[in-house]
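Asks: Input structure: target29.cif, which contains mmCIF, C-alpha atoms.
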data_protein
#
loop_
_atom_site.label_atom_id
_atom_site.label_comp_id
_atom_site.auth_asym_id
_atom_site.auth_seq_id
_atom_site.Cartn_x
_atom_site.Cartn_y
_atom_site.Cartn_z
CA MET B 34 6.53 -5.54 60.05
CA SER B 35 8.80 -7.99 58.20
CA ASN B 36 8.42 -10.58 60.96
CA LYS B 37 4.65 -10.56 60.57
CA GLN B 38 2.51 -12.70 58.29
CA ILE B 39 -0.97 -11.27 57.91
CA PHE B 40 -3.74 -13.31 56.33
CA ALA B 41 -7.49 -13.03 55.88
CA ALA B 42 -9.88 -15.98 56.08
CA VAL B 43 -13.42 -16.14 54.73
CA GLU B 44 -16.25 -18.55 55.45
CA VAL B 45 -19.61 -18.24 53.69
CA ALA B 46 -22.03 -19.84 56.15
CA ASP B 47 -25.73 -20.47 55.50
CA HIS B 48 -26.80 -17.17 57.07
CA GLU B 49 -23.72 -14.93 57.14
CA VAL B 50 -20.29 -14.25 55.69
CA ARG B 51 -17.49 -14.37 58.25
CA LEU B 52 -14.16 -12.68 57.64
CA VAL B 53 -11.23 -12.76 60.04
CA VAL B 54 -7.96 -10.87 59.59
CA GLY B 55 -5.13 -12.22 61.73
CA GLU B 56 -1.38 -12.22 62.02
CA PHE B 57 1.31 -14.74 62.91
CA PHE B 58 4.08 -13.00 64.80
CA ASN B 59 6.91 -15.10 66.25
CA THR B 60 4.65 -18.22 66.07
CA ARG B 61 1.90 -16.42 68.02
CA PHE B 62 -1.47 -15.84 66.36
CA ASN B 63 -3.35 -12.59 66.96
CA ILE B 64 -6.71 -11.51 65.59
CA ILE B 65 -6.75 -8.05 64.02
CA LYS B 66 -10.37 -7.82 62.86
CA VAL B 67 -13.54 -9.92 62.74
CA GLU B 68 -16.43 -9.08 60.43
CA LYS B 69 -19.83 -10.76 60.10
CA VAL B 70 -22.28 -9.78 57.36
CA PRO B 71 -25.78 -11.32 57.05
CA CYS B 72 -26.13 -13.37 53.87
CA PHE B 73 -28.69 -15.99 52.85
CA GLY B 74 -27.41 -16.73 49.36
CA LEU B 75 -25.98 -20.16 50.22
CA SER B 76 -28.07 -23.27 50.86
CA PHE B 77 -26.70 -26.61 52.01
CA ASN B 78 -25.81 -27.69 48.47
CA GLU B 79 -25.60 -24.66 46.16
CA ILE B 80 -25.15 -20.93 45.76
CA GLU B 81 -28.75 -19.80 45.33
CA ASN B 82 -28.01 -16.09 45.02
CA PRO B 83 -24.45 -15.38 43.74
CA THR B 84 -25.05 -11.61 43.74
CA GLU B 85 -25.97 -11.60 47.43
CA VAL B 86 -22.96 -13.74 48.36
CA THR B 87 -20.59 -11.56 46.32
CA GLN B 88 -21.95 -8.36 47.85
CA ALA B 89 -21.71 -9.75 51.40
CA ILE B 90 -18.06 -10.74 50.87
CA ARG B 91 -17.29 -7.29 49.45
CA THR B 92 -19.06 -5.58 52.35
CA ALA B 93 -17.10 -7.62 54.90
CA ALA B 94 -13.80 -6.72 53.18
CA ASP B 95 -14.75 -3.03 52.99
CA ASN B 96 -15.77 -2.94 56.66
CA ALA B 97 -12.46 -4.53 57.66
CA LYS B 98 -10.53 -2.02 55.54
CA LYS B 99 -12.08 0.90 57.45
CA MET B 100 -10.47 -0.33 60.66
CA ILE B 101 -7.14 -1.73 59.45
CA GLY B 102 -6.49 0.97 56.86
CA ALA B 103 -5.53 -1.39 54.03
CA ASP B 104 -7.20 -3.29 51.23
CA ILE B 105 -7.73 -7.03 51.60
CA LYS B 106 -6.45 -8.59 48.39
CA LYS B 107 -6.26 -12.33 49.06
CA VAL B 108 -8.15 -14.72 51.33
CA ILE B 109 -8.02 -18.29 52.55
CA LEU B 110 -11.43 -19.78 51.75
CA SER B 111 -13.55 -22.28 53.67
CA MET B 112 -15.44 -24.71 51.43
CA PRO B 113 -18.74 -26.30 52.58
CA SER B 114 -18.36 -30.07 52.93
CA TYR B 115 -21.33 -30.92 50.70
CA ARG B 116 -20.44 -34.10 48.74
CA PHE B 117 -17.04 -34.18 50.42
CA ARG B 118 -14.83 -37.04 49.35
CA LYS B 119 -11.26 -38.04 50.15
CA PHE B 120 -8.95 -39.97 47.84
CA THR B 121 -5.64 -41.26 49.21
CA VAL B 122 -2.77 -41.80 46.78
CA ARG B 123 0.86 -42.79 47.18
CA SER B 124 3.18 -40.64 45.13
CA THR B 125 6.70 -41.96 44.57
CA VAL B 126 9.49 -39.79 43.17
CA ASP B 127 13.14 -40.42 42.38
CA ILE B 128 15.64 -38.29 44.29
CA LYS B 129 17.68 -36.73 41.50
CA GLY B 130 20.01 -34.41 43.36
CA ILE B 131 23.77 -34.92 43.03
CA ASP B 132 24.04 -35.95 46.69
CA GLN B 133 20.69 -37.84 46.57
CA CYS B 134 19.34 -36.05 49.61
CA VAL B 135 15.65 -35.15 49.92
CA THR B 136 14.87 -31.49 49.23
CA ILE B 137 11.65 -29.51 49.46
CA GLN B 138 11.53 -29.57 45.67
CA ASP B 139 11.22 -33.37 45.79
CA VAL B 140 8.20 -33.03 48.10
CA ARG B 141 6.63 -30.51 45.74
CA GLU B 142 7.18 -32.88 42.84
CA ALA B 143 5.39 -35.66 44.75
CA VAL B 144 2.44 -33.37 45.44
CA LYS B 145 2.28 -32.24 41.83
CA LYS B 146 2.29 -35.86 40.68
CA ALA B 147 -0.57 -36.73 43.06
CA GLN B 148 -2.63 -33.76 41.89
CA ASN B 149 -2.63 -35.20 38.38
CA ALA B 150 -4.59 -38.25 39.57
CA LYS B 151 -7.79 -38.78 37.58
CA LEU B 152 -10.91 -37.95 39.59
CA ASP B 153 -14.63 -38.12 39.02
CA GLU B 154 -15.61 -35.10 36.91
CA SER B 155 -18.31 -34.12 39.42
CA TYR B 156 -15.63 -33.41 42.05
CA ALA B 157 -13.15 -30.58 42.35
CA LEU B 158 -9.79 -31.13 44.02
CA ILE B 159 -9.49 -28.37 46.61
CA GLN B 160 -6.63 -29.59 48.79
CA ALA B 161 -3.69 -32.03 48.74
CA LEU B 162 -2.33 -32.92 52.19
CA CYS B 163 0.94 -34.77 52.74
CA ILE B 164 0.21 -37.31 55.46
CA LYS B 165 3.22 -39.63 55.60
CA TYR B 166 6.70 -39.77 54.09
CA THR B 167 8.60 -43.03 53.52
CA VAL B 168 12.34 -43.17 52.80
CA ASN B 169 14.63 -46.20 53.17
CA GLY B 170 11.69 -48.22 54.53
CA VAL B 171 11.05 -45.81 57.42
CA SER B 172 7.79 -43.85 57.60
CA SER B 173 7.25 -40.54 59.36
CA ARG B 174 4.84 -37.59 59.40
CA ARG B 175 7.85 -35.27 59.38
CA ILE B 176 9.27 -34.02 56.08
CA PRO B 177 12.52 -36.01 55.65
CA LEU B 178 14.63 -33.09 54.41
CA GLY B 179 18.29 -34.02 54.01
CA GLU B 180 17.68 -37.78 54.20
CA HIS B 181 19.91 -39.75 51.82
CA CYS B 182 17.91 -42.08 49.55
CA THR B 183 17.15 -42.91 45.93
CA GLN B 184 13.35 -42.77 46.19
CA MET B 185 10.74 -41.18 48.43
CA SER B 186 7.09 -42.17 48.74
CA VAL B 187 4.50 -39.72 50.06
CA ASP B 188 0.98 -40.68 51.16
CA ILE B 189 -1.25 -37.79 50.11
CA ASP B 190 -4.91 -37.14 50.93
CA LEU B 191 -6.74 -35.46 48.07
CA LEU B 192 -9.69 -33.59 49.58
CA CYS B 193 -12.49 -32.98 47.10
CA ALA B 194 -15.80 -31.11 47.11
CA ASP B 195 -18.75 -30.74 44.79
CA ARG B 196 -17.40 -29.26 41.56
CA LYS B 197 -20.24 -26.83 40.82
CA LEU B 198 -20.48 -25.52 44.39
CA SER B 199 -16.71 -25.06 44.54
CA PHE B 200 -16.46 -23.13 41.28
CA ASP B 201 -19.51 -21.00 42.08
CA LEU B 202 -18.16 -20.03 45.52
CA VAL B 203 -14.70 -19.18 44.19
CA SER B 204 -16.36 -17.08 41.47
CA CYS B 205 -18.25 -15.12 44.15
CA VAL B 206 -14.98 -14.38 45.96
CA GLU B 207 -13.26 -13.28 42.76
CA ASN B 208 -16.24 -11.17 41.69
CA ALA B 209 -15.92 -9.42 45.05
CA GLY B 210 -12.44 -8.33 43.96
CA LEU B 211 -10.47 -10.84 46.04
CA ASN B 212 -8.04 -13.59 45.06
CA VAL B 213 -8.02 -17.01 46.72
CA LEU B 214 -4.79 -17.99 48.47
CA ASP B 215 -5.94 -21.51 49.30
CA ILE B 216 -9.07 -23.58 50.03
CA PHE B 217 -9.86 -26.04 52.81
CA PRO B 218 -13.06 -27.95 53.71
CA ASP B 219 -14.88 -26.23 56.57
CA VAL B 220 -14.97 -29.30 58.79
CA TYR B 221 -11.23 -29.89 58.24
CA ALA B 222 -10.53 -26.28 59.24
CA ALA B 223 -12.63 -26.75 62.39
CA GLY B 224 -10.55 -29.81 63.25
CA LYS B 225 -7.31 -27.84 62.77
CA GLU B 226 -8.45 -25.09 65.13
CA ALA B 227 -9.31 -27.70 67.78
CA ALA B 228 -6.01 -29.57 67.12
CA LEU B 229 -7.93 -32.83 66.59
CA PHE B 230 -5.55 -34.16 63.96
CA GLU B 231 -2.54 -33.71 66.25
CA GLN B 232 -4.05 -34.76 69.61
CA LYS B 233 -6.63 -37.43 68.76
CA THR B 234 -4.56 -39.88 66.72
CA ASP B 235 -5.62 -43.03 68.59
CA SER B 236 -9.40 -42.59 68.59
CA GLN B 237 -12.27 -41.39 66.43
CA VAL B 238 -13.77 -37.93 66.77
CA ILE B 239 -17.12 -36.96 65.30
CA ILE B 240 -17.18 -33.25 64.51
CA LEU B 241 -20.66 -31.72 64.60
CA LYS B 242 -20.46 -28.29 63.00
CA ILE B 243 -23.93 -26.88 63.57
CA GLU B 244 -25.05 -23.77 61.70
CA ARG B 245 -28.39 -22.06 61.11
CA SER B 246 -29.80 -24.48 58.51
CA ILE B 247 -26.97 -27.01 58.12
CA THR B 248 -25.30 -29.58 60.34
CA THR B 249 -21.99 -30.90 59.00
CA LEU B 250 -20.76 -34.21 60.38
CA GLY B 251 -17.05 -34.90 59.98
CA LEU B 252 -15.07 -37.94 61.12
CA ALA B 253 -11.46 -37.51 62.25
CA LYS B 254 -9.63 -40.82 62.45
CA ASN B 255 -5.96 -41.65 62.89
CA GLY B 256 -5.04 -37.98 62.73
CA ARG B 257 -6.80 -37.44 59.40
CA LEU B 258 -10.18 -36.33 58.12
CA ALA B 259 -11.83 -39.56 57.00
CA THR B 260 -15.22 -38.43 55.73
CA ALA B 261 -17.85 -35.71 56.01
CA ALA B 262 -21.54 -35.30 55.25
CA VAL B 263 -24.03 -32.45 55.34
CA MET B 264 -27.48 -32.68 56.92
CA PRO B 265 -29.92 -29.89 55.93
CA ALA B 266 -31.07 -29.12 59.48
CA GLY B 267 -29.53 -26.81 62.05
CA ILE B 268 -30.45 -24.62 64.99
CA GLY B 269 -32.66 -22.48 62.78
CA ALA B 270 -34.84 -25.50 62.01
CA ILE B 271 -35.00 -26.35 65.71
CA ALA B 272 -35.90 -22.77 66.67
CA SER B 273 -38.59 -22.54 63.97
CA SER B 274 -41.14 -23.91 66.46
CA VAL B 275 -40.64 -20.76 68.57
CA CYS B 276 -41.25 -18.58 65.51
CA ASP B 277 -44.44 -20.48 64.68
CA THR B 278 -45.79 -20.47 68.23
CA TYR B 279 -44.95 -16.92 69.29
CA GLY B 280 -44.63 -15.07 65.97
CA ILE B 281 -41.12 -13.74 66.61
CA SER B 282 -38.31 -13.49 64.05
CA SER B 283 -35.97 -16.36 63.28
CA ASP B 284 -32.90 -14.41 64.46
CA THR B 285 -34.54 -13.69 67.81
CA ALA B 286 -35.66 -17.31 68.22
CA VAL B 287 -32.13 -18.58 67.55
CA GLU B 288 -30.59 -16.14 70.03
CA LEU B 289 -33.12 -17.18 72.68
CA MET B 290 -32.36 -20.83 72.03
CA LYS B 291 -28.60 -20.32 72.32
CA TYR B 292 -28.41 -18.09 75.36
CA SER B 293 -31.74 -18.19 77.26
CA ALA B 294 -32.65 -21.88 77.44
CA ARG B 295 -30.96 -24.72 79.28
CA LEU B 296 -32.02 -27.43 76.88
CA ASP B 297 -30.91 -30.33 79.07
CA GLN B 298 -33.12 -29.27 81.98
CA LYS B 299 -36.68 -30.59 82.28
CA VAL B 300 -37.61 -28.15 85.05
CA CYS B 301 -36.61 -24.56 84.27
CA SER B 302 -37.25 -21.08 85.53
CA THR B 303 -40.62 -19.41 85.02
CA ASN B 304 -39.05 -15.96 84.94
CA PRO B 305 -39.41 -14.16 81.58
CA VAL B 306 -36.48 -14.43 79.19
CA TYR B 307 -38.02 -12.29 76.45
CA ILE B 308 -40.59 -9.48 76.47
CA TRP B 309 -42.04 -7.77 73.41
CA ALA B 310 -45.02 -5.71 72.32
CA ASP B 311 -47.64 -7.08 69.92
CA GLY B 312 -49.75 -4.07 69.12
CA LYS B 313 -51.06 -2.83 72.45
CA GLU B 314 -50.46 -6.18 74.13
CA THR B 315 -47.24 -7.02 75.99
CA LYS B 316 -46.14 -10.64 75.64
CA THR B 317 -43.51 -12.71 77.41
CA ILE B 318 -41.78 -16.06 77.15
CA ASN B 319 -40.25 -17.75 80.15
CA GLU B 320 -37.47 -20.34 80.07
CA GLN B 321 -39.79 -23.27 80.74
CA GLN B 322 -42.07 -22.31 77.84
CA LEU B 323 -39.04 -21.89 75.58
CA VAL B 324 -37.59 -25.31 76.42
CA ASP B 325 -40.96 -27.04 76.06
CA CYS B 326 -41.50 -25.40 72.68
CA LEU B 327 -38.06 -26.45 71.41
CA ALA B 328 -38.16 -30.03 72.75
CA PRO B 329 -39.98 -31.79 69.85
CA ASN B 330 -37.67 -30.33 67.17
CA ILE B 331 -34.59 -31.06 69.25
CA ASP B 332 -35.71 -34.67 69.51
CA LEU B 333 -36.10 -34.90 65.73
CA TRP B 334 -32.63 -33.44 65.22
CA LEU B 335 -31.11 -35.85 67.75
CA ASN B 336 -32.79 -38.79 66.00
CA SER B 337 -31.11 -37.80 62.73
CA ILE B 338 -27.73 -37.42 64.41
CA GLU B 339 -28.06 -40.77 66.17
CA LYS B 340 -29.05 -42.58 62.97
CA THR B 341 -25.99 -41.20 61.17
CA CYS B 342 -23.52 -41.79 63.99
CA VAL B 343 -24.45 -45.32 65.14
CA PRO B 344 -22.25 -47.14 62.54
CA ILE B 345 -19.31 -44.93 63.52
CA LEU B 346 -19.81 -45.55 67.24
CA GLN B 347 -19.80 -49.30 66.65
CA ALA B 348 -16.39 -49.10 64.93
CA GLY B 349 -14.41 -48.19 68.04
CA GLU B 350 -13.71 -45.64 70.77
CA THR B 351 -15.34 -42.37 69.77
CA THR B 352 -15.81 -38.88 71.14
CA VAL B 353 -17.94 -36.02 69.81
CA MET B 354 -17.02 -32.35 69.41
CA ILE B 355 -19.75 -29.75 68.79
CA THR B 356 -18.83 -26.43 67.20
CA GLY B 357 -20.14 -23.89 64.72
CA GLU B 358 -22.88 -21.45 65.71
CA GLY B 359 -24.71 -24.28 67.49
CA GLY B 360 -21.75 -24.76 69.81
CA GLU B 361 -22.97 -21.72 71.75
CA THR B 362 -26.23 -23.46 72.71
CA GLN B 363 -26.59 -24.25 76.41
CA GLY B 364 -27.37 -27.88 77.22
CA LEU B 365 -27.06 -29.20 73.65
CA CYS B 366 -23.77 -30.90 74.45
CA GLU B 367 -25.38 -32.79 77.34
CA LEU B 368 -28.32 -33.89 75.19
CA VAL B 369 -26.02 -35.27 72.48
CA GLN B 370 -23.89 -37.06 75.07
CA LYS B 371 -26.95 -38.64 76.65
CA ARG B 372 -28.35 -39.75 73.30
CA LEU B 373 -25.10 -41.15 71.82
CA GLY B 374 -23.63 -42.43 75.08
CA VAL B 375 -20.11 -41.09 74.40
CA GLU B 376 -18.03 -38.21 75.71
CA THR B 377 -19.19 -34.97 74.10
CA THR B 378 -17.69 -31.50 74.34
CA CYS B 379 -18.43 -28.06 72.91
CA TYR B 380 -15.46 -26.36 71.31
CA ILE B 381 -15.16 -22.57 71.58
CA PRO B 382 -11.89 -20.95 70.39
CA GLU B 383 -9.76 -19.32 73.08
CA THR B 384 -8.01 -16.76 70.88
CA LEU B 385 -8.66 -13.24 72.12
CA GLY B 386 -11.16 -11.56 69.81
CA GLY B 387 -12.45 -14.84 68.41
CA ARG B 388 -14.08 -16.56 71.38
CA ASN B 389 -17.17 -17.67 69.53
CA ALA B 390 -17.89 -21.20 68.33
CA GLY B 391 -19.16 -19.83 65.04
CA LEU B 392 -15.61 -18.70 64.18
CA THR B 393 -13.99 -22.11 64.68
CA ALA B 394 -13.65 -23.01 60.99
CA CYS B 395 -12.56 -19.51 60.01
CA LEU B 396 -9.76 -19.53 62.60
CA GLY B 397 -8.72 -23.05 61.64
CA LEU B 398 -8.04 -21.83 58.09
CA PHE B 399 -5.03 -19.88 59.39
CA TYR B 400 -3.40 -22.96 60.94
CA ALA B 401 -4.23 -25.15 57.94
CA TYR B 402 -2.58 -22.65 55.61
CA GLN B 403 0.43 -22.14 57.87
CA ASP B 404 1.06 -25.90 57.93
CA LYS B 405 1.37 -25.87 54.13
CA LEU B 406 3.83 -22.98 53.95
CA PRO B 407 7.00 -25.12 54.44
CA ILE B 408 6.02 -27.08 51.31
CA GLU B 409 4.44 -24.32 49.24
CA GLY B 410 7.12 -21.80 50.12
CA SER B 411 4.58 -19.00 49.71
CA ILE B 412 4.76 -15.96 51.98
CA ASP B 413 2.05 -13.88 50.31
CA ASP B 414 0.19 -11.65 52.72
CA SER B 415 -3.52 -10.97 52.32
CA LEU B 416 -3.24 -7.20 52.73
CA ASP B 417 -1.73 -4.26 50.95
CA MET B 418 1.19 -4.25 53.38
CA ASP B 419 2.51 -0.81 52.39
CA ALA B 420 -0.87 0.76 53.21
CA PHE B 421 -1.15 -1.29 56.42
CA THR B 422 2.33 -0.21 57.57
CA LYS B 423 1.51 3.44 56.90
CA ALA B 424 -1.81 3.14 58.75
CA VAL B 425 -0.15 1.59 61.80
CA SER B 426 2.64 4.20 61.77
CA TYR B 427 0.09 7.01 61.52
CA ARG B 428 -1.86 5.66 64.50
CA GLU B 429 1.32 5.38 66.57
CA LYS B 430 2.27 8.99 65.76
CA SER B 431 -1.26 10.22 66.51
CA SER B 432 -1.21 8.40 69.83
CA LYS B 433 2.10 10.02 70.79
CA LYS B 434 0.80 13.45 69.80
CA GLN B 435 -2.27 12.93 71.97
CA GLU B 436 -0.04 11.96 74.90
CA ASN B 437 2.20 15.01 74.41
CA GLY B 438 -0.80 17.33 74.00
CA LYS B 439 -2.64 16.38 77.16
CA GLU B 440 -4.38 19.11 79.08
CA ASP B 441 -2.46 20.70 81.93
CA THR B 442 -4.80 19.29 84.57
CA LEU B 443 -4.01 18.46 88.18
CA THR B 444 -4.34 14.75 87.37
CA ASN B 445 -1.79 14.95 84.56
CA LYS B 446 0.59 16.99 86.74
CA LEU B 447 0.43 14.27 89.40
CA LYS B 448 1.07 11.59 86.76
CA GLY B 449 4.09 13.57 85.61
CA LEU B 450 5.48 13.74 89.15
CA PHE B 451 5.17 9.95 89.55
CA LEU B 452 6.87 9.33 86.20
CA GLU B 453 9.72 11.72 87.06
CA GLY B 454 10.19 9.91 90.33
CA LYS B 455 10.50 6.58 88.55
CA LYS B 456 13.10 8.02 86.15
#
Output the file's structure in the form of structure tokens.
Replies:
Amino acid sequence: MSNKQIFAAVEVADHEVRLVVGEFFNTRFNIIKVEKVPCFGLSFNEIENPTEVTQAIRTAADNAKKMIGADIKKVILSMPSYRFRKFTVRSTVDIKGIDQCVTIQDVREAVKKAQNAKLDESYALIQALCIKYTVNGVSSRRIPLGEHCTQMSVDIDLLCADRKLSFDLVSCVENAGLNVLDIFPDVYAAGKEAALFEQKTDSQVIILKIERSITTLGLAKNGRLATAAVMPAGIGAIASSVCDTYGISSDTAVELMKYSARLDQKVCSTNPVYIWADGKETKTINEQQLVDCLAPNIDLWLNSIEKTCVPILQAGETTVMITGEGGETQGLCELVQKRLGVETTCYIPETLGGRNAGLTACLGLFYAYQDKLPIEGSIDDSLDMDAFTKAVSYREKSSKKQENGKEDTLTNKLKGLFLEGKK
């Protein structure tokens, strides 16, 4: 177990709390448990119901504990990008070691110095990212450990979020009995999961993180998160026309929109995609009716996206990546590409157990935190590792007992003969 690092990541979305427990083992990431708990205590710009958010976080942690057999004590937290702002500072430190070689302590001193920068009181500093190191006139993204010099300059991005929202969300996590290991903006975490900051260093990428009532637009440029904004309209607002027309629930309308409608097709199937009873009457919706009903609201949403993105598109080569819950929607990618006139893709994580676009930001938190470990030097796990080790050991013993106690059936006798032959 000593080679494992086990963390838990939490994202409070606009309609649910998402919790993922995962492990890094020999550089490989594995998902242990995913929990989703309905929660409507967060709007696009504030915590409207702290009690509901706190209870949903606690429920998710308790549900995860039942499977993994250990308490979750600490989490990496995703912060909504409402009023996101980035400040870039250059922090210069003198190399004071006897041999004047750069150490990790010098990097930590540069970060600490940058964190003392004076910010607008309405913002909370949630993350400091080392972007570039300069020693002896040479710049690099790699930490220059062991380099001989008298001074080192570090370009650091200070990522900030709305102060009140940040403190309220952290309070909800702490009131749920959990400590916060670290915090990252949700759109930054989504970019880390998709490796945008490592792969797309020579072009712009617009990240569209679409949730139930929120669409977050982030801009990745030159391997960094440049800016982000929140638009209070998501797939729930688009699907509301189906609720109004057919009288079905919002959750059902959203699921139909995501998985039963090809939004980019003008001519669709007339076969029913949903059947329900209204009193004594049986009602149906076919795909064509669903697409026609959604079309006006989709057009309004696309108009808002286009208006926001036009200045970015004019600044240079740009691509678009759609993720979040809306990334599961069929045909939405094609509609955005047609409207904006640039390459557009939907990002769905490929990690086993987490292949859902809604988990993109949550999974990205693991990689964002791991990247900071060489500087922070922290190896805190999120779980009660003693309890987790005992739970795993107990399961292994139980499994062996079950194997040894198999019934003396003809099938098992035949298996035994084959195994003896192999030996």
Asks: Evaluate the PyMOL selection byres ((chain B and resi 246-260) around 8) here and jot the selected residues down as an NGL selection string.
Replies: :B and (47 or 76-77 or 114 or 117-119 or 220-221 or 224 or 229-245 or 261-270)
Asks: So that I have them on file, write out the residues from the current selection with C-alpha atoms, as a PDB file, in the coordinates of the input.
Replies:
ATOM      1  CA  ASP B  47     -25.730 -20.470  55.500  1.00  0.00           C
ATOM      2  CA  SER B  76     -28.070 -23.270  50.860  1.00  0.00           C
ATOM      3  CA  PHE B  77     -26.700 -26.610  52.010  1.00  0.00           C
ATOM      4  CA  SER B 114     -18.360 -30.070  52.930  1.00  0.00           C
ATOM      5  CA  PHE B 117     -17.040 -34.180  50.420  1.00  0.00           C
ATOM      6  CA  ARG B 118     -14.830 -37.040  49.350  1.00  0.00           C
ATOM      7  CA  LYS B 119     -11.260 -38.040  50.150  1.00  0.00           C
ATOM      8  CA  VAL B 220     -14.970 -29.300  58.790  1.00  0.00           C
ATOM      9  CA  TYR B 221     -11.230 -29.890  58.240  1.00  0.00           C
ATOM     10  CA  GLY B 224     -10.550 -29.810  63.250  1.00  0.00           C
ATOM     11  CA  LEU B 229      -7.930 -32.830  66.590  1.00  0.00           C
ATOM     12  CA  PHE B 230      -5.550 -34.160  63.960  1.00  0.00           C
ATOM     13  CA  GLU B 231      -2.540 -33.710  66.250  1.00  0.00           C
ATOM     14  CA  GLN B 232      -4.050 -34.760  69.610  1.00  0.00           C
ATOM     15  CA  LYS B 233      -6.630 -37.430  68.760  1.00  0.00           C
ATOM     16  CA  THR B 234      -4.560 -39.880  66.720  1.00  0.00           C
ATOM     17  CA  ASP B 235      -5.620 -43.030  68.590  1.00  0.00           C
ATOM     18  CA  SER B 236      -9.400 -42.590  68.590  1.00  0.00           C
ATOM     19  CA  GLN B 237     -12.270 -41.390  66.430  1.00  0.00           C
ATOM     20  CA  VAL B 238     -13.770 -37.930  66.770  1.00  0.00           C
ATOM     21  CA  ILE B 239     -17.120 -36.960  65.300  1.00  0.00           C
ATOM     22  CA  ILE B 240     -17.180 -33.250  64.510  1.00  0.00           C
ATOM     23  CA  LEU B 241     -20.660 -31.720  64.600  1.00  0.00           C
ATOM     24  CA  LYS B 242     -20.460 -28.290  63.000  1.00  0.00           C
ATOM     25  CA  ILE B 243     -23.930 -26.880  63.570  1.00  0.00           C
ATOM     26  CA  GLU B 244     -25.050 -23.770  61.700  1.00  0.00           C
ATOM     27  CA  ARG B 245     -28.390 -22.060  61.110  1.00  0.00           C
ATOM     28  CA  ALA B 261     -17.850 -35.710  56.010  1.00  0.00           C
ATOM     29  CA  ALA B 262     -21.540 -35.300  55.250  1.00  0.00           C
ATOM     30  CA  VAL B 263     -24.030 -32.450  55.340  1.00  0.00           C
ATOM     31  CA  MET B 264     -27.480 -32.680  56.920  1.00  0.00           C
ATOM     32  CA  PRO B 265     -29.920 -29.890  55.930  1.00  0.00           C
ATOM     33  CA  ALA B 266     -31.070 -29.120  59.480  1.00  0.00           C
ATOM     34  CA  GLY B 267     -29.530 -26.810  62.050  1.00  0.00           C
ATOM     35  CA  ILE B 268     -30.450 -24.620  64.990  1.00  0.00           C
ATOM     36  CA  GLY B 269     -32.660 -22.480  62.780  1.00  0.00           C
ATOM     37  CA  ALA B 270     -34.840 -25.500  62.010  1.00  0.00           C
TER      38      ALA B 270
END
Asks: For the point (-27.9, -36.3, 65.2) in file coordinates, what residues are within 10 Å, counting all atoms listed in the file? Give the answer as a compact mmCIF listing (two decimals) with C-alpha atoms, keeping the file's coordinate frame?
Replies:
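The file below, out38.txt, is the result:
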# COMPACT_ATOMS: atom_id res chain seq x y z
CA LEU B 241 -20.66 -31.72 64.60
CA THR B 248 -25.30 -29.58 60.34
CA LEU B 250 -20.76 -34.21 60.38
CA MET B 264 -27.48 -32.68 56.92
CA ALA B 266 -31.07 -29.12 59.48
CA ILE B 331 -34.59 -31.06 69.25
CA ASP B 332 -35.71 -34.67 69.51
CA LEU B 333 -36.10 -34.90 65.73
CA TRP B 334 -32.63 -33.44 65.22
CA LEU B 335 -31.11 -35.85 67.75
CA ASN B 336 -32.79 -38.79 66.00
CA SER B 337 -31.11 -37.80 62.73
CA ILE B 338 -27.73 -37.42 64.41
CA GLU B 339 -28.06 -40.77 66.17
CA LYS B 340 -29.05 -42.58 62.97
CA THR B 341 -25.99 -41.20 61.17
CA CYS B 342 -23.52 -41.79 63.99
CA VAL B 343 -24.45 -45.32 65.14
CA VAL B 369 -26.02 -35.27 72.48
CA ARG B 372 -28.35 -39.75 73.30
CA LEU B 373 -25.10 -41.15 71.82
Asks: Counting all atoms listed in the file, which residue out of B:Lys316, B:Arg388, B:Arg123, B:Lys129 sits closest to Ala143 in chain B?
Replies: B:Arg123
Asks: Skipping near chain neighbours, those fewer than 6 positions away, what residues fall within 12 Å of Lys165 in chain B using all atoms listed in the file, listed as a CSV table (one decimal) with C-alpha atoms, in the frame of the given file?
Replies:
chain,number,residue,atom,x,y,z
B,121,THR,CA,-5.6,-41.3,49.2
B,122,VAL,CA,-2.8,-41.8,46.8
B,123,ARG,CA,0.9,-42.8,47.2
B,124,SER,CA,3.2,-40.6,45.1
B,125,THR,CA,6.7,-42.0,44.6
B,140,VAL,CA,8.2,-33.0,48.1
B,143,ALA,CA,5.4,-35.7,44.8
B,144,VAL,CA,2.4,-33.4,45.4
B,171,VAL,CA,11.0,-45.8,57.4
B,172,SER,CA,7.8,-43.8,57.6
B,173,SER,CA,7.2,-40.5,59.4
B,174,ARG,CA,4.8,-37.6,59.4
B,175,ARG,CA,7.8,-35.3,59.4
B,176,ILE,CA,9.3,-34.0,56.1
B,177,PRO,CA,12.5,-36.0,55.6
B,185,MET,CA,10.7,-41.2,48.4
B,186,SER,CA,7.1,-42.2,48.7
B,187,VAL,CA,4.5,-39.7,50.1
B,188,ASP,CA,1.0,-40.7,51.2
B,189,ILE,CA,-1.2,-37.8,50.1
B,190,ASP,CA,-4.9,-37.1,50.9
B,255,ASN,CA,-6.0,-41.6,62.9
B,256,GLY,CA,-5.0,-38.0,62.7
B,257,ARG,CA,-6.8,-37.4,59.4
Asks: With distances taken over only C-alpha atoms, which residue among B:Gln403, B:Asn208, B:Gln184, B:Thr136 lies nearest Glu85 in chain B?
Replies: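 Comparing B:Gln403, B:Asn208, B:Gln184, B:Thr136 against Glu85 in chain B, the winner is B:Asn208.
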Asks: Would you mind listing, for every residue of range 314-430 of chain B within 12 Å of range 65-70 of chain B, the two atoms forming the shortest contact and the distance between them in Å to one decimal, using only C-alpha atoms, sorted by chain and ascending residue number, as a tab-separated table?
Replies:
residue	atom	partner	partner_atom	distance
B:Thr384	CA	B:Ile65	CA	11.2
B:Leu385	CA	B:Ile65	CA	9.8
B:Gly386	CA	B:Val67	CA	7.6
B:Gly387	CA	B:Val67	CA	7.6
B:Arg388	CA	B:Val67	CA	10.9
B:Asn389	CA	B:Val67	CA	10.9
B:Gly391	CA	B:Lys69	CA	10.3
B:Leu392	CA	B:Val67	CA	9.1
B:Cys395	CA	B:Val67	CA	10.0
B:Leu396	CA	B:Val67	CA	10.3
B:Leu416	CA	B:Ile65	CA	11.9
B:Phe421	CA	B:Ile65	CA	11.6
B:Val425	CA	B:Ile65	CA	11.9
